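Everything below belongs to entry_4.tsv, which stores TSV, N, CA and C atoms.
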chain	number	residue	atom	x	y	z
A	1044	MET	N	3.28	32.41	-21.14
A	1044	MET	CA	3.96	31.12	-21.22
A	1044	MET	C	5.43	31.32	-20.84
A	1045	PRO	N	5.94	30.56	-19.86
A	1045	PRO	CA	7.33	30.76	-19.44
A	1045	PRO	C	8.32	30.31	-20.51
A	1046	VAL	N	9.46	30.95	-20.51
A	1046	VAL	CA	10.55	30.53	-21.39
A	1046	VAL	C	11.03	29.17	-20.90
A	1047	ASP	N	11.55	28.33	-21.81
A	1047	ASP	CA	11.92	26.95	-21.49
A	1047	ASP	C	12.76	26.82	-20.22
A	1048	HIS	N	13.75	27.68	-20.02
A	1048	HIS	CA	14.62	27.57	-18.84
A	1048	HIS	C	14.01	28.20	-17.59
A	1049	ASP	N	12.82	28.78	-17.70
A	1049	ASP	CA	12.16	29.39	-16.55
A	1049	ASP	C	11.05	28.51	-15.95
A	1050	LEU	N	10.92	27.28	-16.42
A	1050	LEU	CA	9.86	26.40	-15.90
A	1050	LEU	C	10.15	26.02	-14.46
A	1051	THR	N	9.10	25.86	-13.65
A	1051	THR	CA	9.28	25.44	-12.26
A	1051	THR	C	9.19	23.93	-12.13
A	1052	GLU	N	8.61	23.25	-13.13
A	1052	GLU	CA	8.57	21.78	-13.16
A	1052	GLU	C	8.91	21.33	-14.57
A	1053	ARG	N	9.48	20.14	-14.67
A	1053	ARG	CA	9.84	19.61	-15.98
A	1053	ARG	C	9.72	18.09	-15.94
A	1054	ALA	N	9.20	17.51	-17.03
A	1054	ALA	CA	9.13	16.06	-17.17
A	1054	ALA	C	10.43	15.60	-17.84
A	1055	VAL	N	11.10	14.65	-17.23
A	1055	VAL	CA	12.34	14.10	-17.78
A	1055	VAL	C	12.26	12.57	-17.80
A	1056	ARG	N	13.05	11.95	-18.68
A	1056	ARG	CA	13.11	10.50	-18.79
A	1056	ARG	C	14.30	9.99	-17.99
A	1057	VAL	N	14.05	9.01	-17.12
A	1057	VAL	CA	15.10	8.44	-16.28
A	1057	VAL	C	15.15	6.93	-16.46
A	1058	ILE	N	16.29	6.33	-16.14
A	1058	ILE	CA	16.47	4.88	-16.22
A	1058	ILE	C	15.92	4.25	-14.95
A	1059	ASP	N	15.08	3.24	-15.10
A	1059	ASP	CA	14.53	2.51	-13.96
A	1059	ASP	C	15.09	1.10	-13.99
A	1060	ARG	N	15.99	0.80	-13.08
A	1060	ARG	CA	16.58	-0.53	-12.99
A	1060	ARG	C	16.01	-1.31	-11.80
A	1061	SER	N	14.86	-0.89	-11.28
A	1061	SER	CA	14.29	-1.53	-10.11
A	1061	SER	C	13.80	-2.95	-10.39
A	1062	GLY	N	13.61	-3.30	-11.65
A	1062	GLY	CA	13.15	-4.64	-11.98
A	1062	GLY	C	14.25	-5.66	-12.14
A	1063	TRP	N	15.49	-5.27	-11.85
A	1063	TRP	CA	16.61	-6.18	-12.00
A	1063	TRP	C	16.40	-7.42	-11.15
A	1064	GLY	N	16.61	-8.58	-11.76
A	1064	GLY	CA	16.45	-9.83	-11.03
A	1064	GLY	C	15.02	-10.36	-11.04
A	1065	THR	N	14.13	-9.68	-11.76
A	1065	THR	CA	12.75	-10.14	-11.87
A	1065	THR	C	12.45	-10.46	-13.33
A	1066	SER	N	11.22	-10.84	-13.62
A	1066	SER	CA	10.85	-11.17	-15.00
A	1066	SER	C	10.41	-9.95	-15.80
A	1067	THR	N	10.43	-8.75	-15.21
A	1067	THR	CA	10.04	-7.54	-15.95
A	1067	THR	C	11.15	-7.13	-16.90
A	1068	ALA	N	10.77	-6.36	-17.90
A	1068	ALA	CA	11.77	-5.86	-18.86
A	1068	ALA	C	12.81	-5.03	-18.11
A	1069	TYR	N	14.07	-5.15	-18.52
A	1069	TYR	CA	15.15	-4.49	-17.80
A	1069	TYR	C	16.10	-3.84	-18.77
A	1070	PRO	N	16.52	-2.63	-18.62
A	1070	PRO	CA	15.91	-1.60	-17.78
A	1070	PRO	C	14.71	-0.98	-18.50
A	1071	GLN	N	14.00	-0.12	-17.82
A	1071	GLN	CA	12.88	0.61	-18.42
A	1071	GLN	C	13.16	2.10	-18.33
A	1072	ILE	N	12.61	2.84	-19.27
A	1072	ILE	CA	12.70	4.30	-19.24
A	1072	ILE	C	11.37	4.83	-18.73
A	1073	ARG	N	11.41	5.62	-17.69
A	1073	ARG	CA	10.19	6.19	-17.09
A	1073	ARG	C	10.26	7.72	-17.19
A	1074	THR	N	9.10	8.32	-17.32
A	1074	THR	CA	9.01	9.78	-17.32
A	1074	THR	C	8.55	10.22	-15.94
A	1075	VAL	N	9.32	11.12	-15.34
A	1075	VAL	CA	8.97	11.66	-14.02
A	1075	VAL	C	8.96	13.18	-14.10
A	1076	THR	N	8.16	13.80	-13.26
A	1076	THR	CA	8.10	15.25	-13.21
A	1076	THR	C	8.89	15.71	-11.99
A	1077	LEU	N	9.85	16.60	-12.22
A	1077	LEU	CA	10.72	17.10	-11.16
A	1077	LEU	C	10.53	18.59	-10.97
A	1078	THR	N	10.71	19.06	-9.74
A	1078	THR	CA	10.76	20.49	-9.48
A	1078	THR	C	12.05	21.00	-10.10
A	1079	TRP	N	11.96	22.05	-10.91
A	1079	TRP	CA	13.12	22.50	-11.67
A	1079	TRP	C	13.76	23.73	-11.05
A	1080	VAL	N	13.80	23.74	-9.72
A	1080	VAL	CA	14.43	24.83	-8.98
A	1080	VAL	C	15.50	24.22	-8.10
A	1081	CYS	N	16.69	24.80	-8.12
A	1081	CYS	CA	17.79	24.31	-7.30
A	1081	CYS	C	17.44	24.48	-5.82
A	1082	PRO	N	17.55	23.41	-5.01
A	1082	PRO	CA	17.22	23.53	-3.59
A	1082	PRO	C	18.22	24.40	-2.81
A	1083	ALA	N	19.44	24.57	-3.33
A	1083	ALA	CA	20.45	25.35	-2.62
A	1083	ALA	C	20.33	26.85	-2.89
A	1084	CYS	N	20.16	27.23	-4.17
A	1084	CYS	CA	20.18	28.66	-4.50
A	1084	CYS	C	18.84	29.18	-5.01
A	1085	GLN	N	17.86	28.30	-5.21
A	1085	GLN	CA	16.54	28.64	-5.73
A	1085	GLN	C	16.57	29.11	-7.18
A	1086	GLY	N	17.69	28.95	-7.87
A	1086	GLY	CA	17.78	29.29	-9.28
A	1086	GLY	C	17.31	28.13	-10.15
A	1087	PRO	N	17.19	28.34	-11.46
A	1087	PRO	CA	16.76	27.27	-12.35
A	1087	PRO	C	17.86	26.22	-12.51
A	1088	ARG	N	17.46	24.97	-12.70
A	1088	ARG	CA	18.43	23.91	-13.00
A	1088	ARG	C	18.81	24.01	-14.47
A	1089	GLY	N	19.88	23.33	-14.87
A	1089	GLY	CA	20.29	23.31	-16.27
A	1089	GLY	C	19.30	22.55	-17.13
A	1090	LEU	N	19.39	22.73	-18.43
A	1090	LEU	CA	18.49	22.05	-19.35
A	1090	LEU	C	18.95	20.61	-19.57
A	1091	PRO	N	18.02	19.64	-19.57
A	1091	PRO	CA	18.40	18.24	-19.80
A	1091	PRO	C	18.81	18.03	-21.25
A	1092	LYS	N	19.70	17.07	-21.47
A	1092	LYS	CA	20.14	16.71	-22.82
A	1092	LYS	C	19.80	15.26	-23.05
A	1093	GLU	N	19.40	14.95	-24.27
A	1093	GLU	CA	19.08	13.58	-24.64
A	1093	GLU	C	20.33	12.72	-24.61
A	1094	HIS	N	20.23	11.54	-24.01
A	1094	HIS	CA	21.36	10.62	-23.87
A	1094	HIS	C	20.96	9.27	-24.44
A	1095	LEU	N	21.61	8.85	-25.53
A	1095	LEU	CA	21.35	7.57	-26.18
A	1095	LEU	C	22.41	6.59	-25.70
A	1096	PHE	N	21.97	5.39	-25.25
A	1096	PHE	CA	22.93	4.41	-24.78
A	1096	PHE	C	22.46	3.00	-25.11
A	1097	HIS	N	23.40	2.07	-25.14
A	1097	HIS	CA	23.13	0.67	-25.45
A	1097	HIS	C	23.26	-0.14	-24.18
A	1098	GLU	N	22.22	-0.90	-23.85
A	1098	GLU	CA	22.28	-1.72	-22.66
A	1098	GLU	C	21.46	-2.98	-22.87
A	1099	ASP	N	22.04	-4.11	-22.53
A	1099	ASP	CA	21.34	-5.39	-22.57
A	1099	ASP	C	20.75	-5.69	-23.94
A	1100	GLY	N	21.49	-5.30	-25.00
A	1100	GLY	CA	21.06	-5.57	-26.37
A	1100	GLY	C	20.08	-4.59	-26.96
A	1101	HIS	N	19.79	-3.49	-26.26
A	1101	HIS	CA	18.81	-2.52	-26.75
A	1101	HIS	C	19.38	-1.11	-26.70
A	1102	TRP	N	18.95	-0.26	-27.65
A	1102	TRP	CA	19.29	1.14	-27.61
A	1102	TRP	C	18.17	1.87	-26.88
A	1103	LEU	N	18.53	2.67	-25.90
A	1103	LEU	CA	17.56	3.39	-25.07
A	1103	LEU	C	17.94	4.87	-25.01
A	1104	THR	N	16.96	5.71	-24.74
A	1104	THR	CA	17.19	7.15	-24.63
A	1104	THR	C	16.61	7.65	-23.32
A	1105	CYS	N	17.43	8.39	-22.58
A	1105	CYS	CA	16.97	9.04	-21.36
A	1105	CYS	C	17.48	10.48	-21.38
A	1106	ASP	N	17.21	11.23	-20.35
A	1106	ASP	CA	17.73	12.60	-20.25
A	1106	ASP	C	18.92	12.61	-19.31
A	1107	HIS	N	19.89	13.45	-19.63
A	1107	HIS	CA	21.15	13.49	-18.88
A	1107	HIS	C	21.44	14.91	-18.44

Could you spell out this file's structure in C-alpha cells?
Amino acid sequence: MPVDHDLTERAVRVIDRSGWGTSTAYPQIRTVTLTWVCPACQGPRGLPKEHLFHEDGHWLTCDH
C-alpha cells in the first residue's frame, strides 16, 4: 500500500460553478480523480487541505 504522498492518483473535491445562471443548485462540490504527478518534474504534488467557505448562504467544503 503506497504512503499517502506517494499516490499516483487522488480524489479531490472541487467547486463546480458551471450551473451559474440556470435552475441547478449553485455552486456544487464535485469529486474528481486527478493524476497526482507533477507534469513538469514528475514528482508528487502537495497534499490537499480542506477548505471551508461560505457562498450564497451556504457553508461548503472543498480541497485547496

Nearby residues, (11.5, 17.5, -11.5) file frame, 8 Å, only C-alpha atoms, as a PDB file with N, CA and C atoms, in the frame of the given file:
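Saved file part-v2.pdb follows:
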ATOM      1  N   GLU A1052       8.610  23.250 -13.130  1.00  0.00           N
ATOM      2  CA  GLU A1052       8.570  21.780 -13.160  1.00  0.00           C
ATOM      3  C   GLU A1052       8.910  21.330 -14.570  1.00  0.00           C
ATOM      4  N   ARG A1053       9.480  20.140 -14.670  1.00  0.00           N
ATOM      5  CA  ARG A1053       9.840  19.610 -15.980  1.00  0.00           C
ATOM      6  C   ARG A1053       9.720  18.090 -15.940  1.00  0.00           C
ATOM      7  N   ALA A1054       9.200  17.510 -17.030  1.00  0.00           N
ATOM      8  CA  ALA A1054       9.130  16.060 -17.170  1.00  0.00           C
ATOM      9  C   ALA A1054      10.430  15.600 -17.840  1.00  0.00           C
ATOM     10  N   VAL A1055      11.100  14.650 -17.230  1.00  0.00           N
ATOM     11  CA  VAL A1055      12.340  14.100 -17.780  1.00  0.00           C
ATOM     12  C   VAL A1055      12.260  12.570 -17.800  1.00  0.00           C
ATOM     13  N   VAL A1075       9.320  11.120 -15.340  1.00  0.00           N
ATOM     14  CA  VAL A1075       8.970  11.660 -14.020  1.00  0.00           C
ATOM     15  C   VAL A1075       8.960  13.180 -14.100  1.00  0.00           C
ATOM     16  N   THR A1076       8.160  13.800 -13.260  1.00  0.00           N
ATOM     17  CA  THR A1076       8.100  15.250 -13.210  1.00  0.00           C
ATOM     18  C   THR A1076       8.890  15.710 -11.990  1.00  0.00           C
ATOM     19  N   LEU A1077       9.850  16.600 -12.220  1.00  0.00           N
ATOM     20  CA  LEU A1077      10.720  17.100 -11.160  1.00  0.00           C
ATOM     21  C   LEU A1077      10.530  18.590 -10.970  1.00  0.00           C
ATOM     22  N   THR A1078      10.710  19.060  -9.740  1.00  0.00           N
ATOM     23  CA  THR A1078      10.760  20.490  -9.480  1.00  0.00           C
ATOM     24  C   THR A1078      12.050  21.000 -10.100  1.00  0.00           C
ATOM     25  N   TRP A1079      11.960  22.050 -10.910  1.00  0.00           N
ATOM     26  CA  TRP A1079      13.120  22.500 -11.670  1.00  0.00           C
ATOM     27  C   TRP A1079      13.760  23.730 -11.050  1.00  0.00           C
TER      28      TRP A1079
END

Would you kindly identify which residues have an atom no farther than 10 Å from (9.6, 1.9, -15.4), using only C-alpha atoms and the file's own coordinates, and write them out as a ChimeraX atom specification? /A:1056-1062,1067-1075

Let's have the selection written as a PDB file, in the frame of the given file, with N, CA and C atoms.
ATOM      1  N   ARG A1056      13.050  11.950 -18.680  1.00  0.00           N
ATOM      2  CA  ARG A1056      13.110  10.500 -18.790  1.00  0.00           C
ATOM      3  C   ARG A1056      14.300   9.990 -17.990  1.00  0.00           C
ATOM      4  N   VAL A1057      14.050   9.010 -17.120  1.00  0.00           N
ATOM      5  CA  VAL A1057      15.100   8.440 -16.280  1.00  0.00           C
ATOM      6  C   VAL A1057      15.150   6.930 -16.460  1.00  0.00           C
ATOM      7  N   ILE A1058      16.290   6.330 -16.140  1.00  0.00           N
ATOM      8  CA  ILE A1058      16.470   4.880 -16.220  1.00  0.00           C
ATOM      9  C   ILE A1058      15.920   4.250 -14.950  1.00  0.00           C
ATOM     10  N   ASP A1059      15.080   3.240 -15.100  1.00  0.00           N
ATOM     11  CA  ASP A1059      14.530   2.510 -13.960  1.00  0.00           C
ATOM     12  C   ASP A1059      15.090   1.100 -13.990  1.00  0.00           C
ATOM     13  N   ARG A1060      15.990   0.800 -13.080  1.00  0.00           N
ATOM     14  CA  ARG A1060      16.580  -0.530 -12.990  1.00  0.00           C
ATOM     15  C   ARG A1060      16.010  -1.310 -11.800  1.00  0.00           C
ATOM     16  N   SER A1061      14.860  -0.890 -11.280  1.00  0.00           N
ATOM     17  CA  SER A1061      14.290  -1.530 -10.110  1.00  0.00           C
ATOM     18  C   SER A1061      13.800  -2.950 -10.390  1.00  0.00           C
ATOM     19  N   GLY A1062      13.610  -3.300 -11.650  1.00  0.00           N
ATOM     20  CA  GLY A1062      13.150  -4.640 -11.980  1.00  0.00           C
ATOM     21  C   GLY A1062      14.250  -5.660 -12.140  1.00  0.00           C
ATOM     22  N   THR A1067      10.430  -8.750 -15.210  1.00  0.00           N
ATOM     23  CA  THR A1067      10.040  -7.540 -15.950  1.00  0.00           C
ATOM     24  C   THR A1067      11.150  -7.130 -16.900  1.00  0.00           C
ATOM     25  N   ALA A1068      10.770  -6.360 -17.900  1.00  0.00           N
ATOM     26  CA  ALA A1068      11.770  -5.860 -18.860  1.00  0.00           C
ATOM     27  C   ALA A1068      12.810  -5.030 -18.110  1.00  0.00           C
ATOM     28  N   TYR A1069      14.070  -5.150 -18.520  1.00  0.00           N
ATOM     29  CA  TYR A1069      15.150  -4.490 -17.800  1.00  0.00           C
ATOM     30  C   TYR A1069      16.100  -3.840 -18.770  1.00  0.00           C
ATOM     31  N   PRO A1070      16.520  -2.630 -18.620  1.00  0.00           N
ATOM     32  CA  PRO A1070      15.910  -1.600 -17.780  1.00  0.00           C
ATOM     33  C   PRO A1070      14.710  -0.980 -18.500  1.00  0.00           C
ATOM     34  N   GLN A1071      14.000  -0.120 -17.820  1.00  0.00           N
ATOM     35  CA  GLN A1071      12.880   0.610 -18.420  1.00  0.00           C
ATOM     36  C   GLN A1071      13.160   2.100 -18.330  1.00  0.00           C
ATOM     37  N   ILE A1072      12.610   2.840 -19.270  1.00  0.00           N
ATOM     38  CA  ILE A1072      12.700   4.300 -19.240  1.00  0.00           C
ATOM     39  C   ILE A1072      11.370   4.830 -18.730  1.00  0.00           C
ATOM     40  N   ARG A1073      11.410   5.620 -17.690  1.00  0.00           N
ATOM     41  CA  ARG A1073      10.190   6.190 -17.090  1.00  0.00           C
ATOM     42  C   ARG A1073      10.260   7.720 -17.190  1.00  0.00           C
ATOM     43  N   THR A1074       9.100   8.320 -17.320  1.00  0.00           N
ATOM     44  CA  THR A1074       9.010   9.780 -17.320  1.00  0.00           C
ATOM     45  C   THR A1074       8.550  10.220 -15.940  1.00  0.00           C
ATOM     46  N   VAL A1075       9.320  11.120 -15.340  1.00  0.00           N
ATOM     47  CA  VAL A1075       8.970  11.660 -14.020  1.00  0.00           C
ATOM     48  C   VAL A1075       8.960  13.180 -14.100  1.00  0.00           C
TER      49      VAL A1075
END

Residues of chain A in strand (DSSP E) according to DSSP, as a PyMOL selection string? chain A and resi 1052-1059+1071-1078+1093-1098+1101-1106

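Atom pair atom CA of Leu1090 of chain A / atom CA of Leu1103 of chain A has a distance of 19.5 Å (rounded to one decimal).
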
What does the distance between atom CA of Asp1106 of chain A and atom CA of Gly1089 of chain A come to in Å, to one decimal place?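 Atom-to-atom, atom CA of Asp1106 of chain A and atom CA of Gly1089 of chain A are spaced 11.7 Å apart.
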
What does the distance between atom N of Arg1088 of chain A and atom N of Leu1050 of chain A come to in Å, to one decimal place? 7.9 Å
